[in-house]
Amino acid sequence: MANPAQQAVSVLGSTGSIGLSTLDVIARHPDRYRVFALAANTSVAAMAAQCRTHRPEFAVMACADAAQALRDALPGELGTQVLQGEEGLCRVATDPAVDAVMAAVVGAAGLPSTLAAARAGKRLLLANKESLVMAGHLLMEAVHESGALLLPIDSEHNAIFQCLPVDRAGRPGRAGVDKVLLTASGGPFRTWSVAQMAAATPEQACAHPNWDMGRKISVDSATLMNKGLEFIEACWLFDLAPERVDVVVHPQSIVHSMVQYRDGSVLAQLGNPDMRTPIAYGLSWPERVDAGVSPLDLVAASRLDFEAPDEGRFPCLRLAREAVSAGGTAMAICNAANEVAVAAFLDNRIGFNDIPAVIERTLERCPVVEPRSLAVVETADAEARHAAEVFVADGPTRGSAGVEI
Ligand SMILES: NC(=O)c1ccc[n+]([C@@H]2O[C@H](COP(=O)([O-])OP(=O)(O)OC[C@H]3O[C@@H](n4cnc5c(N)ncnc54)[C@H](OP(=O)(O)O)[C@@H]3O)[C@@H](O)[C@H]2O)c1
């Protein structure tokens, strides 16, 4: 029997890094939260174990085979109904019984359900930054029209949200804000030369110095495309012109981002690098709950360093900036090309330095149009994926991204 005092939460991408951290926070507060639905791609065994622990009303798998395998694996008395595909994801993102949706599917596959949750006016915990990058205009419009509560889960945007002034309605405003300063760890290759990066392996790229994350976002951190995507995300989330978003490399990942005010003040949010902090904040805002994160020991941390990003060695940041300037579907094209290039790199089909080259060639090749609807965005995404696959198949080239490959 559902307890009305508990928030019912759908966790989309529950078997991933963010999904696991979300379930950890939820399990610490059974009086406040219950799992309404879980969703994953193909990890049937992990999903079956999560269903036994959290006893959701629904579990969603991406394809029919995985859904059937999950039905076979679950004891009937559990009562969990198994759904499949995008339709299943959208169903559990919009069900009237759902209070909050954790959007933590990786990549473009997360867009339709994220948009559906926004349109349904949910408390939307946004980890899937690709949704905002691809369809920022549509997503923000849906949030404003439905009155959805959009809470950023990316640690940087969550930090900015925490450092912004609060308006009369208790929501973050922009009074007196000059700029936001997005911090970047610099990734595992922060001090590597271009030649060293040319020989980088997927394992090296995924070995992030501070954060334990999924493989796609780990590679994005290594190329700095993660910061490029976050730059785009910040413009949409906080309605800021690109020149009001700066990127600062901060190798310790303790300052999660900052807001610079007109009076010279800079407010920062600090904490140990653990995604359970922004997740707990998103679940409990405007209150705060225990996230299971150890307190920050500033004396042990001892120093906080800051440096400018090197866009010569890391052209992805420049490419993301250029996509923002181009507007329209350029950001969706950039995102799609990046997803294809990262998958090819993880598959050992291209080298690390081929990633920006594939993105740049795709951006040059694909026409940019106004992203008036989800269908337009999805068409741009599909065309860009096709173009990027062709460039991947072409093999290593000298890209105009300024990187020798
Ligand atoms: N990890 C972090 O610290 C972090 C920080 C900030 C933002 N983010 C963002 O959060 C999102 C998730 O990142 P992650 O690191 O948690 O990724 P991850 O560990 O790779 O997990 C991805 C999750 O998405 C599921 N999934 C993939 N395709 C799907 C589909 N078509 N339908 C349903 N589920 C699908 C996966 O299921 P399977 O297990 O079955 O493959 C898995 O549960 C990304 O957008 C990322 O940029 C992550």
# chains A, B, ... in the order shown; residues from 1 in each chain; ligands from 1

$ select_by_dssp --residues "segment 92-336 of chain A" --states "helix (DSSP H, G or I)" --output "number ranges by chain"
A: 92-94, 108-119, 129-146, 155-163, 194-198, 202-206, 215-223, 225-237, 242-244, 276-284, 298-301, 316-326, 330-336

$ residues_near_ligand --ligand "ligand 1" --cutoff "7 Å" --atoms "only C-alpha atoms and all ligand atoms" --output "PyMOL selection string"
chain A and resi 12-19+39-44+61-62+85-86+104-107+109-110+127-130+153-155+211-217+275

$ residues_around --residues "Ala207 of chain A" --least-positions-apart "4" --cutoff "8 Å" --atoms "only C-alpha atoms" --output "ChimeraX atom specification"
/A:188,203,218

$ residues_around --residues "segment 285-298 of chain A" --least-positions-apart "3" --cutoff "7 Å" --atoms "only C-alpha atoms" --output "PyMOL selection string"
chain A and resi 25+271-272+274+276-277+280-282+301-302

$ select_by_dssp --residues "segment 223-262 of chain A" --states "strand (DSSP E or B)" --output "PDB file with C-alpha atoms, in the first residue's frame"
ATOM      1  CA  VAL A 245      29.635  31.105 -18.651  1.00  0.00           C
ATOM      2  CA  ASP A 246      33.362  30.559 -18.005  1.00  0.00           C
ATOM      3  CA  VAL A 247      35.215  27.281 -17.587  1.00  0.00           C
ATOM      4  CA  VAL A 248      37.966  26.959 -14.964  1.00  0.00           C
ATOM      5  CA  VAL A 249      40.082  23.819 -14.547  1.00  0.00           C
ATOM      6  CA  VAL A 255      34.838  23.259  -5.697  1.00  0.00           C
ATOM      7  CA  HIS A 256      31.945  22.032  -7.845  1.00  0.00           C
ATOM      8  CA  SER A 257      31.282  25.429  -9.493  1.00  0.00           C
ATOM      9  CA  MET A 258      30.823  29.089  -8.613  1.00  0.00           C
ATOM     10  CA  VAL A 259      28.657  32.146  -9.200  1.00  0.00           C
ATOM     11  CA  GLN A 260      30.355  35.511  -9.636  1.00  0.00           C
ATOM     12  CA  TYR A 261      28.299  38.545  -8.601  1.00  0.00           C
TER      13      TYR A 261
END

$ atom_distance --atom1 "atom CA of Gln7 of chain A" --atom2 "atom CA of Ala116 of chain A"
18.7 Å

$ residues_around --residues "Pro172 of chain A" --least-positions-apart "4" --cutoff "8 Å" --atoms "only C-alpha atoms" --output "ChimeraX atom specification"
/A:161-162,164-167

$ atom_distance --atom1 "atom CA of Ile355 of chain A" --atom2 "atom CA of Ala341 of chain A"
5.2 Å

$ residues_around --residues "segment 220-227 of chain A" --least-positions-apart "3" --cutoff "10 Å" --atoms "only C-alpha atoms" --output "PyMOL selection string"
chain A and resi 129-130+156+182-190+197+204-208+211+213+215-217+230-233+247-249+309-311+313-320+334-335+338-339+342+352-353+355-356

$ atom_distance --atom1 "atom CA of Ser113 of chain A" --atom2 "atom CA of Asp239 of chain A"
22.5 Å

$ residues_around --residues "Ala375 of chain A" --least-positions-apart "6" --cutoff "12 Å" --atoms "only C-alpha atoms" --output "list in words"
Leu111, Pro112, Met134, Ala135, Leu138, Thr329, Asp381 and Ala382 of chain A

$ write_last_selection --atoms "all heavy atoms" --output "PDB file, in the first residue's frame"
ATOM      1  N   LEU A 111      16.304  11.382 -24.136  1.00  0.00           N
ATOM      2  CA  LEU A 111      15.551  12.602 -24.449  1.00  0.00           C
ATOM      3  C   LEU A 111      14.026  12.451 -24.384  1.00  0.00           C
ATOM      4  O   LEU A 111      13.365  13.231 -23.688  1.00  0.00           O
ATOM      5  CB  LEU A 111      16.004  13.169 -25.808  1.00  0.00           C
ATOM      6  CG  LEU A 111      15.186  14.345 -26.353  1.00  0.00           C
ATOM      7  CD1 LEU A 111      15.174  15.517 -25.375  1.00  0.00           C
ATOM      8  CD2 LEU A 111      15.725  14.802 -27.709  1.00  0.00           C
ATOM      9  N   PRO A 112      13.409  11.465 -25.081  1.00  0.00           N
ATOM     10  CA  PRO A 112      11.938  11.437 -25.081  1.00  0.00           C
ATOM     11  C   PRO A 112      11.329  11.317 -23.677  1.00  0.00           C
ATOM     12  O   PRO A 112      10.352  12.009 -23.362  1.00  0.00           O
ATOM     13  CB  PRO A 112      11.606  10.212 -25.945  1.00  0.00           C
ATOM     14  CG  PRO A 112      12.809  10.031 -26.819  1.00  0.00           C
ATOM     15  CD  PRO A 112      13.972  10.437 -25.976  1.00  0.00           C
ATOM     16  N   MET A 134      20.641  18.604 -26.685  1.00  0.00           N
ATOM     17  CA  MET A 134      19.963  18.338 -27.962  1.00  0.00           C
ATOM     18  C   MET A 134      18.753  19.231 -28.164  1.00  0.00           C
ATOM     19  O   MET A 134      18.480  19.689 -29.264  1.00  0.00           O
ATOM     20  CB  MET A 134      19.458  16.887 -27.996  1.00  0.00           C
ATOM     21  CG  MET A 134      20.533  15.856 -28.042  1.00  0.00           C
ATOM     22  SD  MET A 134      19.771  14.236 -27.928  1.00  0.00           S
ATOM     23  CE  MET A 134      18.990  14.087 -29.533  1.00  0.00           C
ATOM     24  N   ALA A 135      17.979  19.401 -27.103  1.00  0.00           N
ATOM     25  CA  ALA A 135      16.661  20.027 -27.263  1.00  0.00           C
ATOM     26  C   ALA A 135      16.401  20.997 -26.120  1.00  0.00           C
ATOM     27  O   ALA A 135      15.322  20.989 -25.521  1.00  0.00           O
ATOM     28  CB  ALA A 135      15.591  18.929 -27.299  1.00  0.00           C
ATOM     29  N   LEU A 138      13.143  23.090 -26.415  1.00  0.00           N
ATOM     30  CA  LEU A 138      11.913  22.315 -26.188  1.00  0.00           C
ATOM     31  C   LEU A 138      11.763  21.932 -24.725  1.00  0.00           C
ATOM     32  O   LEU A 138      10.668  21.997 -24.153  1.00  0.00           O
ATOM     33  CB  LEU A 138      11.930  21.031 -27.033  1.00  0.00           C
ATOM     34  CG  LEU A 138      11.868  21.208 -28.543  1.00  0.00           C
ATOM     35  CD1 LEU A 138      12.028  19.854 -29.225  1.00  0.00           C
ATOM     36  CD2 LEU A 138      10.567  21.869 -28.950  1.00  0.00           C
ATOM     37  N   THR A 329      19.870  23.282 -34.538  1.00  0.00           N
ATOM     38  CA  THR A 329      20.174  21.871 -34.272  1.00  0.00           C
ATOM     39  C   THR A 329      21.681  21.583 -34.188  1.00  0.00           C
ATOM     40  O   THR A 329      22.075  20.421 -34.077  1.00  0.00           O
ATOM     41  CB  THR A 329      19.558  20.974 -35.367  1.00  0.00           C
ATOM     42  OG1 THR A 329      19.906  21.523 -36.647  1.00  0.00           O
ATOM     43  CG2 THR A 329      18.045  20.884 -35.239  1.00  0.00           C
ATOM     44  N   ASP A 381      19.568  14.470 -35.314  1.00  0.00           N
ATOM     45  CA  ASP A 381      20.379  13.494 -34.569  1.00  0.00           C
ATOM     46  C   ASP A 381      20.713  12.297 -35.475  1.00  0.00           C
ATOM     47  O   ASP A 381      21.863  11.864 -35.553  1.00  0.00           O
ATOM     48  CB  ASP A 381      19.576  13.053 -33.329  1.00  0.00           C
ATOM     49  CG  ASP A 381      20.250  11.940 -32.550  1.00  0.00           C
ATOM     50  OD1 ASP A 381      21.143  12.242 -31.745  1.00  0.00           O
ATOM     51  OD2 ASP A 381      19.867  10.765 -32.739  1.00  0.00           O
ATOM     52  N   ALA A 382      19.701  11.786 -36.179  1.00  0.00           N
ATOM     53  CA  ALA A 382      19.912  10.602 -37.026  1.00  0.00           C
ATOM     54  C   ALA A 382      20.870  10.921 -38.184  1.00  0.00           C
ATOM     55  O   ALA A 382      21.776  10.129 -38.492  1.00  0.00           O
ATOM     56  CB  ALA A 382      18.569  10.107 -37.564  1.00  0.00           C
TER      57      ALA A 382
END

$ closest_residue --among "A:Ala357, A:Val369, A:Leu363, A:Ala5" --to "Asp394 of chain A" --atoms "only C-alpha atoms"
A:Ala357
